[in-house]
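See below for start30.txt, which holds compact mmCIF, C-alpha atoms.
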```
# COMPACT_ATOMS: atom_id res chain seq x y z
CA MET A 1 14.95 7.66 -10.29
CA GLN A 2 15.70 8.65 -6.70
CA LYS A 3 16.15 5.71 -4.34
CA ASN A 4 15.26 5.74 -0.64
CA THR A 5 16.41 3.38 2.10
CA LEU A 6 13.62 1.57 3.90
CA GLY A 7 13.88 2.27 7.61
CA ARG A 8 17.14 1.09 9.16
CA SER A 9 17.56 -1.70 6.62
CA GLY A 10 19.87 -1.75 3.63
CA LEU A 11 16.99 -2.04 1.17
CA LYS A 12 16.99 0.79 -1.36
CA VAL A 13 13.80 1.29 -3.33
CA SER A 14 12.56 3.73 -5.94
CA ARG A 15 10.48 6.61 -4.58
CA PHE A 16 7.56 5.13 -6.52
CA CYS A 17 6.38 1.53 -6.19
CA LEU A 18 4.37 -0.43 -8.75
CA GLY A 19 1.21 -1.80 -7.18
CA SER A 20 -0.40 -4.91 -8.59
CA MET A 21 -3.86 -5.42 -7.14
CA THR A 22 -5.64 -5.48 -10.53
CA TRP A 23 -3.33 -8.05 -12.14
CA GLY A 24 -5.23 -11.23 -12.86
CA GLY A 25 -8.53 -9.36 -12.50
CA PRO A 26 -9.25 -6.52 -14.92
CA THR A 27 -5.57 -6.51 -15.97
CA PRO A 28 -4.67 -9.71 -17.88
CA LEU A 29 -1.33 -11.49 -17.56
CA GLU A 30 0.25 -10.12 -20.75
CA GLU A 31 -0.59 -6.54 -19.85
CA ALA A 32 0.63 -7.03 -16.27
CA HIS A 33 3.97 -8.29 -17.57
CA ALA A 34 4.16 -5.30 -19.91
CA GLN A 35 3.53 -3.02 -16.94
CA ILE A 36 6.48 -4.54 -15.06
CA ASP A 37 8.74 -4.12 -18.10
CA ARG A 38 7.61 -0.52 -18.61
CA ALA A 39 8.01 0.42 -14.94
CA LEU A 40 11.51 -1.06 -14.65
CA ALA A 41 12.54 0.80 -17.82
CA HIS A 42 11.54 4.04 -16.04
CA GLY A 43 13.71 3.32 -13.00
CA ILE A 44 11.17 1.67 -10.69
CA ASN A 45 12.65 -1.31 -8.84
CA PHE A 46 9.91 -1.86 -6.23
CA ILE A 47 6.79 -4.04 -6.69
CA ASP A 48 4.11 -4.51 -4.05
CA THR A 49 1.62 -7.36 -4.05
CA ALA A 50 -0.41 -9.49 -1.63
CA GLU A 51 -1.53 -13.07 -1.37
CA ILE A 52 -5.18 -12.03 -1.62
CA TYR A 53 -4.78 -10.06 -4.88
CA PRO A 54 -6.46 -9.30 -7.24
CA VAL A 55 -9.18 -7.32 -5.49
CA THR A 56 -12.28 -5.27 -6.39
CA PRO A 57 -13.78 -7.72 -6.02
CA VAL A 58 -11.98 -10.42 -4.06
CA ARG A 59 -13.05 -13.82 -5.33
CA ALA A 60 -12.06 -17.25 -4.03
CA GLU A 61 -11.08 -18.43 -7.50
CA THR A 62 -8.64 -15.54 -8.06
CA VAL A 63 -6.88 -15.40 -4.67
CA GLY A 64 -3.13 -15.71 -5.29
CA ARG A 65 -3.40 -15.02 -9.01
CA THR A 66 -1.42 -11.76 -8.86
CA GLU A 67 1.50 -13.45 -7.13
CA ARG A 68 1.41 -16.18 -9.80
CA ILE A 69 1.60 -13.54 -12.54
CA ILE A 70 4.68 -11.98 -10.94
CA GLY A 71 6.23 -15.42 -10.49
CA LEU A 72 5.77 -16.19 -14.16
CA TRP A 73 7.49 -12.91 -15.05
CA PHE A 74 10.49 -13.90 -12.91
CA GLU A 75 10.52 -17.37 -14.46
CA GLN A 76 10.44 -16.03 -18.01
CA ASN A 77 13.20 -13.44 -17.72
CA GLY A 78 15.31 -14.35 -14.69
CA ARG A 79 15.29 -10.76 -13.36
CA ARG A 80 14.45 -11.50 -9.73
CA GLY A 81 17.55 -9.59 -8.62
CA ASP A 82 16.33 -6.41 -10.35
CA VAL A 83 13.23 -6.15 -8.14
CA VAL A 84 12.65 -5.36 -4.49
CA LEU A 85 9.58 -7.48 -3.87
CA ALA A 86 6.98 -6.86 -1.17
CA THR A 87 3.98 -9.03 -0.44
CA GLN A 88 1.38 -9.21 2.32
CA HIS A 89 -0.06 -11.81 4.67
CA THR A 90 -3.86 -11.53 4.80
CA GLY A 91 -5.23 -10.86 8.27
CA GLY A 92 -8.22 -12.30 10.08
CA GLY A 93 -11.76 -11.70 8.87
CA GLN A 94 -11.06 -12.26 5.15
CA ARG A 95 -12.73 -15.62 4.64
CA MET A 96 -11.34 -16.14 1.15
CA VAL A 97 -7.94 -16.95 2.71
CA ARG A 98 -7.45 -19.68 5.35
CA HIS A 99 -11.17 -19.41 6.25
CA GLY A 100 -10.60 -16.02 7.90
CA ALA A 101 -7.97 -17.16 10.40
CA ALA A 102 -6.13 -14.43 12.28
CA ILE A 103 -2.39 -13.97 11.80
CA THR A 104 -0.51 -16.42 14.04
CA PRO A 105 2.86 -18.20 13.95
CA GLN A 106 1.14 -21.13 12.26
CA THR A 107 -0.42 -19.01 9.49
CA ILE A 108 2.86 -17.13 8.94
CA ARG A 109 4.76 -20.27 7.92
CA THR A 110 1.87 -21.40 5.70
CA ALA A 111 1.43 -17.98 4.10
CA VAL A 112 5.15 -17.47 3.47
CA GLU A 113 5.49 -20.88 1.83
CA GLY A 114 2.44 -20.24 -0.35
CA SER A 115 3.71 -16.85 -1.51
CA LEU A 116 7.18 -18.21 -2.26
CA ARG A 117 5.68 -20.98 -4.37
CA ARG A 118 3.42 -18.67 -6.37
CA LEU A 119 6.11 -16.01 -6.78
CA LYS A 120 8.66 -18.62 -7.89
CA THR A 121 11.32 -17.20 -5.60
CA ASP A 122 13.13 -18.37 -2.49
CA TYR A 123 12.97 -15.05 -0.61
CA ILE A 124 10.69 -12.05 -0.07
CA ASP A 125 12.38 -8.69 0.43
CA LEU A 126 9.61 -7.08 2.49
CA TYR A 127 6.99 -9.21 4.20
CA GLN A 128 3.99 -7.28 5.50
CA PHE A 129 0.89 -7.98 7.59
CA HIS A 130 -2.00 -6.69 5.49
CA TRP A 131 -4.33 -5.73 8.35
CA PRO A 132 -4.05 -5.87 12.16
CA ASN A 133 -5.85 -8.72 13.86
CA ARG A 134 -7.61 -6.30 16.19
CA PRO A 135 -10.42 -3.87 15.27
CA THR A 136 -9.11 -0.51 14.04
CA TRP A 137 -10.64 2.61 12.47
CA ARG A 138 -12.10 2.32 8.97
CA ASP A 139 -11.68 -1.44 9.02
CA SER A 140 -14.75 -2.89 7.31
CA ARG A 141 -13.98 -6.40 8.56
CA PHE A 142 -15.33 -5.45 11.98
CA PRO A 143 -18.88 -4.14 12.53
CA ASP A 144 -17.73 -1.97 15.44
CA PRO A 145 -14.21 -0.66 14.71
CA GLY A 146 -14.28 1.34 17.95
CA ARG A 147 -14.53 -1.85 20.00
CA ARG A 148 -11.53 -2.21 22.31
CA ALA A 149 -9.48 -5.38 21.97
CA ASP A 150 -7.84 -6.98 25.00
CA PRO A 151 -4.40 -5.28 24.97
CA LYS A 152 -2.70 -8.20 26.72
CA ALA A 153 -3.97 -10.63 24.10
CA VAL A 154 -2.94 -8.25 21.33
CA LEU A 155 0.59 -7.96 22.70
CA ARG A 156 0.91 -11.72 23.19
CA ASN A 157 -0.06 -12.25 19.58
CA MET A 158 2.47 -9.62 18.45
CA GLU A 159 5.23 -11.36 20.44
CA ASP A 160 4.32 -14.75 18.99
CA CYS A 161 4.21 -13.38 15.45
CA LEU A 162 7.55 -11.60 15.82
CA GLY A 163 9.09 -14.86 16.99
CA ALA A 164 7.73 -16.64 13.91
CA LEU A 165 8.99 -13.86 11.64
CA GLU A 166 12.45 -14.17 13.16
CA GLU A 167 12.41 -17.87 12.31
CA GLU A 168 11.56 -17.00 8.71
CA ARG A 169 14.31 -14.40 8.61
CA ARG A 170 16.83 -16.97 9.82
CA ARG A 171 15.57 -19.44 7.23
CA GLY A 172 16.21 -16.79 4.60
CA THR A 173 12.62 -16.69 3.35
CA ILE A 174 12.10 -13.02 4.29
CA ARG A 175 14.58 -10.17 4.51
CA GLN A 176 12.58 -7.43 6.23
CA PHE A 177 9.23 -6.94 7.95
CA GLY A 178 6.59 -4.22 7.64
CA LEU A 179 2.98 -3.48 8.58
CA SER A 180 0.00 -2.31 6.55
CA ASN A 181 -3.08 -0.38 7.65
CA GLU A 182 -1.57 -0.03 11.11
CA THR A 183 -2.10 2.71 13.69
CA ALA A 184 0.45 4.77 15.60
CA TRP A 185 -0.29 2.78 18.77
CA GLY A 186 0.14 -0.51 16.95
CA MET A 187 3.39 0.58 15.34
CA ALA A 188 4.72 1.73 18.71
CA GLN A 189 4.03 -1.71 20.20
CA TRP A 190 5.69 -3.58 17.33
CA LEU A 191 8.74 -1.33 17.66
CA ARG A 192 8.90 -1.70 21.44
CA LEU A 193 8.73 -5.48 21.28
CA SER A 194 11.30 -5.73 18.51
CA GLU A 195 13.72 -3.50 20.41
CA ALA A 196 13.29 -5.79 23.40
CA GLY A 197 14.71 -8.56 21.23
CA VAL A 198 11.47 -10.41 20.46
CA GLY A 199 11.89 -10.33 16.68
CA PRO A 200 12.65 -8.22 13.61
CA ARG A 201 12.13 -4.47 13.70
CA PRO A 202 9.44 -3.23 11.29
CA ILE A 203 10.93 -0.91 8.69
CA THR A 204 7.76 0.31 6.93
CA VAL A 205 4.07 0.95 7.37
CA GLN A 206 1.87 0.85 4.27
CA ASN A 207 -1.19 3.04 4.82
CA GLU A 208 -3.53 4.99 2.60
CA TYR A 209 -2.17 8.48 1.99
CA SER A 210 -3.11 11.14 -0.54
CA LEU A 211 -4.16 14.76 -0.89
CA LEU A 212 -7.61 13.61 0.19
CA CYS A 213 -6.59 11.11 2.89
CA ARG A 214 -4.09 12.67 5.27
CA HIS A 215 -4.86 10.74 8.43
CA ALA A 216 -1.18 9.82 8.77
CA ASP A 217 -0.36 13.49 9.33
CA THR A 218 -2.12 13.50 12.68
CA ASP A 219 0.16 11.05 14.49
CA LEU A 220 1.75 8.36 12.33
CA ALA A 221 4.00 10.88 10.57
CA GLU A 222 5.67 11.80 13.85
CA LEU A 223 6.34 8.14 14.63
CA CYS A 224 7.75 7.51 11.16
CA LEU A 225 10.16 10.43 11.38
CA ASN A 226 11.36 9.78 14.92
CA GLU A 227 11.57 5.99 14.67
CA ASP A 228 13.01 5.63 11.14
CA VAL A 229 9.94 3.89 9.76
CA GLY A 230 9.16 4.58 6.10
CA LEU A 231 5.61 5.28 5.01
CA LEU A 232 4.56 3.38 1.90
CA GLY A 233 1.62 5.54 0.91
CA TYR A 234 -0.97 3.63 -1.09
CA ALA A 235 -3.96 4.97 -3.07
CA PRO A 236 -2.19 8.27 -3.86
CA LEU A 237 -4.93 9.04 -6.39
CA ALA A 238 -7.68 8.16 -3.88
CA LEU A 239 -9.01 5.24 -5.95
CA GLY A 240 -9.26 7.46 -9.02
CA LEU A 241 -10.98 10.46 -7.40
CA LEU A 242 -7.91 12.65 -7.90
CA THR A 243 -7.86 11.98 -11.64
CA GLY A 244 -11.08 13.95 -11.90
CA LYS A 245 -12.85 11.21 -13.83
CA TYR A 246 -15.72 10.96 -11.32
CA GLN A 247 -16.53 14.69 -11.19
CA GLY A 248 -19.96 15.91 -12.29
CA ASN A 249 -21.65 12.76 -10.95
CA VAL A 250 -20.04 10.76 -13.78
CA ARG A 251 -19.86 7.00 -13.31
CA PRO A 252 -17.67 5.67 -16.13
CA PRO A 253 -18.21 1.99 -17.01
CA ASP A 254 -15.50 -0.56 -16.23
CA THR A 255 -14.00 1.53 -13.45
CA ARG A 256 -13.64 0.78 -9.75
CA LEU A 257 -16.70 2.90 -9.02
CA SER A 258 -18.80 0.41 -11.01
CA LEU A 259 -17.59 -2.37 -8.68
CA LEU A 260 -17.26 -0.50 -5.38
CA PRO A 261 -20.21 1.82 -4.71
CA ASP A 262 -18.99 5.23 -3.55
CA LEU A 263 -15.45 3.85 -3.41
CA GLY A 264 -15.80 2.47 0.07
CA GLY A 265 -17.12 5.72 1.53
CA ARG A 266 -14.51 7.90 -0.18
CA ARG A 267 -16.78 9.44 -2.81
CA THR A 268 -18.43 12.06 -0.60
CA GLU A 269 -19.68 15.54 -1.44
CA GLN A 270 -16.73 16.93 0.50
CA ALA A 271 -14.26 14.81 -1.47
CA LEU A 272 -15.74 15.89 -4.79
CA GLY A 273 -15.54 19.51 -3.67
CA ALA A 274 -11.90 19.08 -2.68
CA VAL A 275 -11.10 17.43 -6.01
CA ASP A 276 -12.65 20.40 -7.84
CA ASP A 277 -10.30 22.73 -5.98
CA TYR A 278 -7.25 20.53 -6.58
CA LEU A 279 -8.12 20.42 -10.28
CA ASP A 280 -8.14 24.22 -10.22
CA VAL A 281 -4.67 24.25 -8.65
CA ALA A 282 -3.34 21.91 -11.32
CA PHE A 283 -4.96 23.95 -14.10
CA LYS A 284 -3.61 27.21 -12.68
CA HIS A 285 -0.03 25.89 -12.72
CA ASP A 286 -0.35 23.97 -16.02
CA LEU A 287 0.06 20.58 -14.32
CA ASP A 288 -1.51 17.18 -14.78
CA VAL A 289 -3.45 16.64 -11.55
CA VAL A 290 -2.20 13.03 -11.51
CA GLY A 291 1.41 14.16 -11.49
CA MET A 292 0.68 16.84 -8.90
CA ALA A 293 -0.93 14.34 -6.53
CA LEU A 294 1.90 11.80 -6.91
CA ALA A 295 4.66 14.40 -6.55
CA TRP A 296 3.06 15.81 -3.41
CA SER A 297 2.85 12.38 -1.76
CA ALA A 298 6.42 11.45 -2.70
CA ALA A 299 7.87 14.69 -1.33
CA ARG A 300 6.53 14.25 2.20
CA PRO A 301 9.50 13.85 4.58
CA PHE A 302 8.25 10.57 6.05
CA THR A 303 7.34 8.92 2.72
CA ALA A 304 9.71 6.15 1.64
CA SER A 305 7.80 5.21 -1.51
CA VAL A 306 4.43 5.89 -3.10
CA VAL A 307 2.50 2.77 -4.13
CA PHE A 308 0.42 3.37 -7.25
CA GLY A 309 -1.44 1.01 -9.55
CA ALA A 310 -2.82 1.10 -13.07
CA THR A 311 -5.42 -1.11 -14.69
CA THR A 312 -4.23 -0.43 -18.22
CA LEU A 313 -0.97 0.41 -19.95
CA ALA A 314 -2.44 3.75 -21.02
CA GLN A 315 -3.04 4.66 -17.38
CA LEU A 316 0.46 3.51 -16.47
CA ASP A 317 2.02 5.59 -19.23
CA ARG A 318 0.22 8.69 -17.97
CA ILE A 319 1.62 8.07 -14.49
CA LEU A 320 5.15 7.24 -15.63
CA GLY A 321 5.25 10.44 -17.65
CA GLN A 322 4.67 12.46 -14.47
CA LEU A 323 7.15 10.87 -12.06
CA HIS A 324 9.85 13.47 -12.71
CA LEU A 325 7.64 16.29 -11.42
CA SER A 326 8.73 18.51 -8.52
CA LEU A 327 6.31 21.02 -7.01
CA GLY A 328 7.30 24.62 -6.42
CA ALA A 329 6.48 26.81 -3.44
CA GLU A 330 3.50 28.48 -5.11
CA VAL A 331 1.91 25.13 -5.98
CA LEU A 332 2.44 23.85 -2.44
CA ALA A 333 0.92 27.02 -0.99
CA ASP A 334 -2.17 26.59 -3.16
CA ILE A 335 -2.42 22.92 -2.15
CA GLU A 336 -2.28 23.95 1.49
CA ARG A 337 -5.11 26.44 0.97
CA VAL A 338 -7.27 23.64 -0.43
CA ARG A 339 -6.38 21.40 2.50
CA ARG A 340 -7.49 24.04 4.97
CA ALA A 341 -10.80 24.35 3.16
CA TRP A 342 -11.33 20.56 2.98
CA PRO A 343 -9.24 19.06 5.83
CA MET A 344 -10.85 15.60 6.11
CA PRO A 345 -13.11 15.01 3.09
CA PHE A 346 -13.61 11.30 3.93
```
With the file now loaded, output its structure as structure tokens.
Amino acid sequence: MQKNTLGRSGLKVSRFCLGSMTWGGPTPLEEAHAQIDRALAHGINFIDTAEIYPVTPVRAETVGRTERIIGLWFEQNGRRGDVVLATQHTGGGQRMVRHGAAITPQTIRTAVEGSLRRLKTDYIDLYQFHWPNRPTWRDSRFPDPGRRADPKAVLRNMEDCLGALEEERRRGTIRQFGLSNETAWGMAQWLRLSEAGVGPRPITVQNEYSLLCRHADTDLAELCLNEDVGLLGYAPLALGLLTGKYQGNVRPPDTRLSLLPDLGGRRTEQALGAVDDYLDVAFKHDLDVVGMALAWSAARPFTASVVFGATTLAQLDRILGQLHLSLGAEVLADIERVRRAWPMPF
């Protein structure tokens, strides 16, 4: 499988990344381990997790379980060197972790040590902040995401956190640093401070990105291209919408829709209309819509890797069977026509 370099680092990762947020929840340990084995056999060397996983729903008794499952896989087979491992520090507002404390130098040391222990490793390849401390768009932790944070306080916190990350880098506990769910303004500030010598330069930003969610195109894409920051696009199937399984007002049991009503605001009439049209494109060109959606995301010039997840091995096998796909000009033209008809479906 094609490998891409993350930012200006020497880390080379597969163009697809195995996400893990269901492991220890609906996906039991044995099946999670089988997923890792299957993914590595198909050329994937990149696994993304987070200290708060599994999710949907987040429960106090399961926080950290996904990292433990990955750690047990390393312990059983000794293949830590075969995997580029990314995990995430939970931000403020999530009360299941550290009582909702914001990210600070003190929480960084605690969070890193906890992840290392659960993952049964002495280093993390890519350490990410899961959410910004400040209110941002579509952030359900804050009742008013348009509320303006004090920029001086935000920048002071960024400086302090970069200093703590540099200490971890020197200790050898983390190799590289990235952000998640960050904005173009936020990324610009992290980059500016790092280039001033405050701490490590972020090499990635992990944000939602799919045929249905193209917010990164409006500004973040330009930053990624010009500043050598790789997009790790998560939810490339839009939480299952792009599989087509929710069309026709269907609500299959034991799916994310049964746990997350309307998929966090994503299951709109506009989104369902867009999915109908994307299904038509796939049918017209004799493609699996899952493969079409993944191939489109991976081919974007600013995408470093596409983070996908699967609850079951059957779902994973469907995805792995599509990762070779490359989209031709006619397919891309039809996709663009759908985008123009449904530019921002949620």
- [ ] Find the residue from A:Tyr246, A:Phe302, A:Tyr53, A:Trp296 that sits nearest to Ala216 in chain A; use all atoms listed in the file when measuring.
- [x]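 Looking at the shortest contact to Ala216 in chain A, the residue is A:Phe302.
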Open item on the list: I'd like the interatomic distance between CA of Gly7 in chain A and CA of Val112 in chain A, to a tenth of an Å.
Closed with: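 Between CA of Gly7 in chain A and CA of Val112 in chain A the gap is 22.0 Å.
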- [ ] Give the answer as one residue: which of A:Gln322, A:Ser180, A:Thr56, A:Ser210 has the shortest atom-to-atom distance to Leu260 in chain A, using all atoms listed in the file?
- [x]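 Of the candidates, the smallest distance to Leu260 in chain A is held by A:Thr56.
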With 8 Å added on each side, what axis-aligned box encloses every listed atom of range 279-295 of chain A? Give the centre and edge lengths in Å to one decimal, as lines of an AutoDock Vina configuration file.
```
center_x = -1.7
center_y = 19.5
center_z = -11.3
size_x = 28.8
size_y = 31.4
size_z = 25.5
```
- [ ] Go through A:Leu325, A:Cys17, A:Ala221, A:Leu11 one by one, measure the shortest atom-to-atom distance of each to Phe308 in chain A using all atoms listed in the file, and give the residue with the smallest value.
- [x] A:Cys17
Please provide as a short mmCIF file (atom, residue, chain, number, x, y, z; two decimals) with C-alpha atoms, in the coordinates of the input all residues within 12 Å of Ile52 in chain A, with the sequence filter that same-chain residues fewer than 5 positions apart are discarded (counting all atoms listed in the file).
```
data_model
loop_
_atom_site.label_atom_id
_atom_site.label_comp_id
_atom_site.auth_asym_id
_atom_site.auth_seq_id
_atom_site.Cartn_x
_atom_site.Cartn_y
_atom_site.Cartn_z
CA SER A 20 -0.40 -4.91 -8.59
CA MET A 21 -3.86 -5.42 -7.14
CA THR A 22 -5.64 -5.48 -10.53
CA TRP A 23 -3.33 -8.05 -12.14
CA GLY A 24 -5.23 -11.23 -12.86
CA GLY A 25 -8.53 -9.36 -12.50
CA PRO A 57 -13.78 -7.72 -6.02
CA VAL A 58 -11.98 -10.42 -4.06
CA ARG A 59 -13.05 -13.82 -5.33
CA ALA A 60 -12.06 -17.25 -4.03
CA GLU A 61 -11.08 -18.43 -7.50
CA THR A 62 -8.64 -15.54 -8.06
CA VAL A 63 -6.88 -15.40 -4.67
CA GLY A 64 -3.13 -15.71 -5.29
CA ARG A 65 -3.40 -15.02 -9.01
CA THR A 66 -1.42 -11.76 -8.86
CA GLU A 67 1.50 -13.45 -7.13
CA ARG A 68 1.41 -16.18 -9.80
CA THR A 87 3.98 -9.03 -0.44
CA GLN A 88 1.38 -9.21 2.32
CA HIS A 89 -0.06 -11.81 4.67
CA THR A 90 -3.86 -11.53 4.80
CA GLY A 91 -5.23 -10.86 8.27
CA GLN A 94 -11.06 -12.26 5.15
CA ARG A 95 -12.73 -15.62 4.64
CA MET A 96 -11.34 -16.14 1.15
CA VAL A 97 -7.94 -16.95 2.71
CA ARG A 98 -7.45 -19.68 5.35
CA GLY A 100 -10.60 -16.02 7.90
CA ALA A 111 1.43 -17.98 4.10
CA GLY A 114 2.44 -20.24 -0.35
CA SER A 115 3.71 -16.85 -1.51
CA ARG A 118 3.42 -18.67 -6.37
CA PHE A 129 0.89 -7.98 7.59
CA HIS A 130 -2.00 -6.69 5.49
CA TRP A 131 -4.33 -5.73 8.35
#
```
Task: Residue contacts of Ala34 in chain A (12 Å, only C-alpha atoms) excluding same-chain residues fewer than 5 positions away, as a list in words - done: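 Contacts, with the query itself left out: Trp23, Thr27, Pro28, Leu29, Ala39, Leu40, Ala41, Ile69, Ile70, Trp73, Ala310, Thr311, Thr312, Leu313, Ala314, Leu316 and Asp317 of chain A.
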Could you produce a table of the residues of range 18-103 of chain A lying within 8 Å of range 304-307 of chain A, with the nearest pair of atoms per residue and their separation in Å rounded to one decimal, using only C-alpha atoms, ordered by chain and increasing residue number, as a Markdown table?
```
| residue | atom | partner | partner_atom | distance |
| --- | --- | --- | --- | --- |
| A:Leu18 | CA | A:Val307 | CA | 5.9 |
| A:Gly19 | CA | A:Val307 | CA | 5.6 |
| A:Asp48 | CA | A:Val307 | CA | 7.5 |
```
Open item on the list: I'd like the interatomic distance between CA of Gln176 in chain A and CA of Ala235 in chain A, to a tenth of an Å.
Closed with: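 Those two atoms sit 22.7 Å apart.
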Task: Spatial neighbours of range 270-279 of chain A, 12 Å, all atoms listed in the file, chain gap at least 3 places, as JSON, numbers by chain - done: {"A": [210, 211, 212, 213, 237, 238, 239, 240, 241, 242, 243, 244, 245, 246, 247, 248, 249, 250, 262, 263, 265, 266, 267, 282, 283, 284, 285, 286, 287, 288, 289, 290, 291, 292, 293, 296, 331, 332, 333, 334, 335, 336, 337, 338, 339, 340, 341, 342, 343, 344, 345, 346]}
Find the residues around range 183-192 of chain A up to 7 Å (only C-alpha atoms counted), leave out those fewer than 3 positions away in its own chain, and share them as a compact mmCIF listing (two decimals) with C-alpha atoms, keeping the file's coordinate frame.
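Here's the written file around_29.txt:
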```txt
# COMPACT_ATOMS: atom_id res chain seq x y z
CA MET A 158 2.47 -9.62 18.45
CA GLU A 195 13.72 -3.50 20.41
CA ALA A 196 13.29 -5.79 23.40
CA ARG A 201 12.13 -4.47 13.70
CA PRO A 202 9.44 -3.23 11.29
CA ASP A 219 0.16 11.05 14.49
CA LEU A 220 1.75 8.36 12.33
CA LEU A 223 6.34 8.14 14.63
```
Open item on the list: For Glu75 in chain A, find every residue with an atom within 9 Å (counting all atoms listed in the file), except residues of its own chain fewer than 6 positions away, and show them as a PyMOL selection string.
Closed with: chain A and resi 119-121
Task: Interatomic distance (Å, one decimal) between CA of Tyr209 in chain A and CA of His33 in chain A - done: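 Answer for the CA of Tyr209 in chain A to CA of His33 in chain A separation: 26.5 Å.
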TODO: Determine the nearest neighbour of Ala164 in chain A from the options A:Ala32, A:Ile103, A:Arg80, A:Pro236, counting only C-alpha atoms.
DONE: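 Smallest distance to Ala164 in chain A is found for A:Ile103.
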Task: Of the listed residues A:Val55, A:Leu116, A:Ala86, A:Val13, that which approaches Leu179 in chain A most closely, counting only C-alpha atoms - done: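 Among the listed residues, the smallest separation from Leu179 in chain A belongs to A:Ala86.
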Open item on the list: Using only C-alpha atoms, can you tell me which of A:Asn181, A:Thr104, A:Asn4, A:Ser326 comes closest to His215 in chain A?
Closed with: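 Going through A:Asn181, A:Thr104, A:Asn4, A:Ser326 one by one, the smallest distance to His215 in chain A is for A:Asn181.
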Atoms are missing here; could range 46-57 of chain A be completed with N, CA, C and O atoms and written as a PDB file, in the frame of the given file?
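Wrote result13.pdb, looks like this:
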```
ATOM      1  N   PHE A  46      10.684  -1.447  -7.404  1.00  0.00           N
ATOM      2  CA  PHE A  46       9.910  -1.860  -6.230  1.00  0.00           C
ATOM      3  C   PHE A  46       8.519  -2.279  -6.693  1.00  0.00           C
ATOM      4  O   PHE A  46       7.815  -1.507  -7.353  1.00  0.00           O
ATOM      5  N   ILE A  47       8.119  -3.523  -6.364  1.00  0.00           N
ATOM      6  CA  ILE A  47       6.790  -4.040  -6.690  1.00  0.00           C
ATOM      7  C   ILE A  47       6.132  -4.515  -5.407  1.00  0.00           C
ATOM      8  O   ILE A  47       6.731  -5.239  -4.607  1.00  0.00           O
ATOM      9  N   ASP A  48       4.872  -4.105  -5.224  1.00  0.00           N
ATOM     10  CA  ASP A  48       4.110  -4.510  -4.050  1.00  0.00           C
ATOM     11  C   ASP A  48       2.931  -5.368  -4.478  1.00  0.00           C
ATOM     12  O   ASP A  48       2.213  -5.038  -5.427  1.00  0.00           O
ATOM     13  N   THR A  49       2.749  -6.482  -3.767  1.00  0.00           N
ATOM     14  CA  THR A  49       1.620  -7.360  -4.050  1.00  0.00           C
ATOM     15  C   THR A  49       1.066  -7.898  -2.738  1.00  0.00           C
ATOM     16  O   THR A  49       1.428  -7.440  -1.651  1.00  0.00           O
ATOM     17  N   ALA A  50       0.178  -8.881  -2.813  1.00  0.00           N
ATOM     18  CA  ALA A  50      -0.410  -9.490  -1.630  1.00  0.00           C
ATOM     19  C   ALA A  50      -0.990 -10.839  -2.017  1.00  0.00           C
ATOM     20  O   ALA A  50      -1.426 -11.031  -3.158  1.00  0.00           O
ATOM     21  N   GLU A  51      -1.025 -11.740  -1.054  1.00  0.00           N
ATOM     22  CA  GLU A  51      -1.530 -13.070  -1.370  1.00  0.00           C
ATOM     23  C   GLU A  51      -3.000 -13.053  -1.765  1.00  0.00           C
ATOM     24  O   GLU A  51      -3.463 -13.935  -2.486  1.00  0.00           O
ATOM     25  N   ILE A  52      -3.746 -12.053  -1.337  1.00  0.00           N
ATOM     26  CA  ILE A  52      -5.180 -12.030  -1.620  1.00  0.00           C
ATOM     27  C   ILE A  52      -5.498 -11.397  -2.977  1.00  0.00           C
ATOM     28  O   ILE A  52      -6.618 -11.494  -3.473  1.00  0.00           O
ATOM     29  N   TYR A  53      -4.511 -10.758  -3.603  1.00  0.00           N
ATOM     30  CA  TYR A  53      -4.780 -10.060  -4.880  1.00  0.00           C
ATOM     31  C   TYR A  53      -5.056 -11.047  -6.004  1.00  0.00           C
ATOM     32  O   TYR A  53      -4.510 -12.139  -6.004  1.00  0.00           O
ATOM     33  N   PRO A  54      -5.890 -10.625  -7.003  1.00  0.00           N
ATOM     34  CA  PRO A  54      -6.460  -9.300  -7.240  1.00  0.00           C
ATOM     35  C   PRO A  54      -7.695  -9.028  -6.381  1.00  0.00           C
ATOM     36  O   PRO A  54      -8.327  -9.951  -5.865  1.00  0.00           O
ATOM     37  N   VAL A  55      -8.023  -7.735  -6.279  1.00  0.00           N
ATOM     38  CA  VAL A  55      -9.180  -7.320  -5.490  1.00  0.00           C
ATOM     39  C   VAL A  55     -10.157  -6.550  -6.369  1.00  0.00           C
ATOM     40  O   VAL A  55      -9.966  -6.421  -7.564  1.00  0.00           O
ATOM     41  N   THR A  56     -11.173  -6.004  -5.723  1.00  0.00           N
ATOM     42  CA  THR A  56     -12.280  -5.270  -6.390  1.00  0.00           C
ATOM     43  C   THR A  56     -12.858  -6.028  -7.569  1.00  0.00           C
ATOM     44  O   THR A  56     -12.730  -5.578  -8.699  1.00  0.00           O
ATOM     45  N   PRO A  57     -13.566  -7.129  -7.331  1.00  0.00           N
ATOM     46  CA  PRO A  57     -13.780  -7.720  -6.020  1.00  0.00           C
ATOM     47  C   PRO A  57     -12.795  -8.842  -5.724  1.00  0.00           C
ATOM     48  O   PRO A  57     -12.130  -9.357  -6.634  1.00  0.00           O
TER      49      PRO A  57
END
```
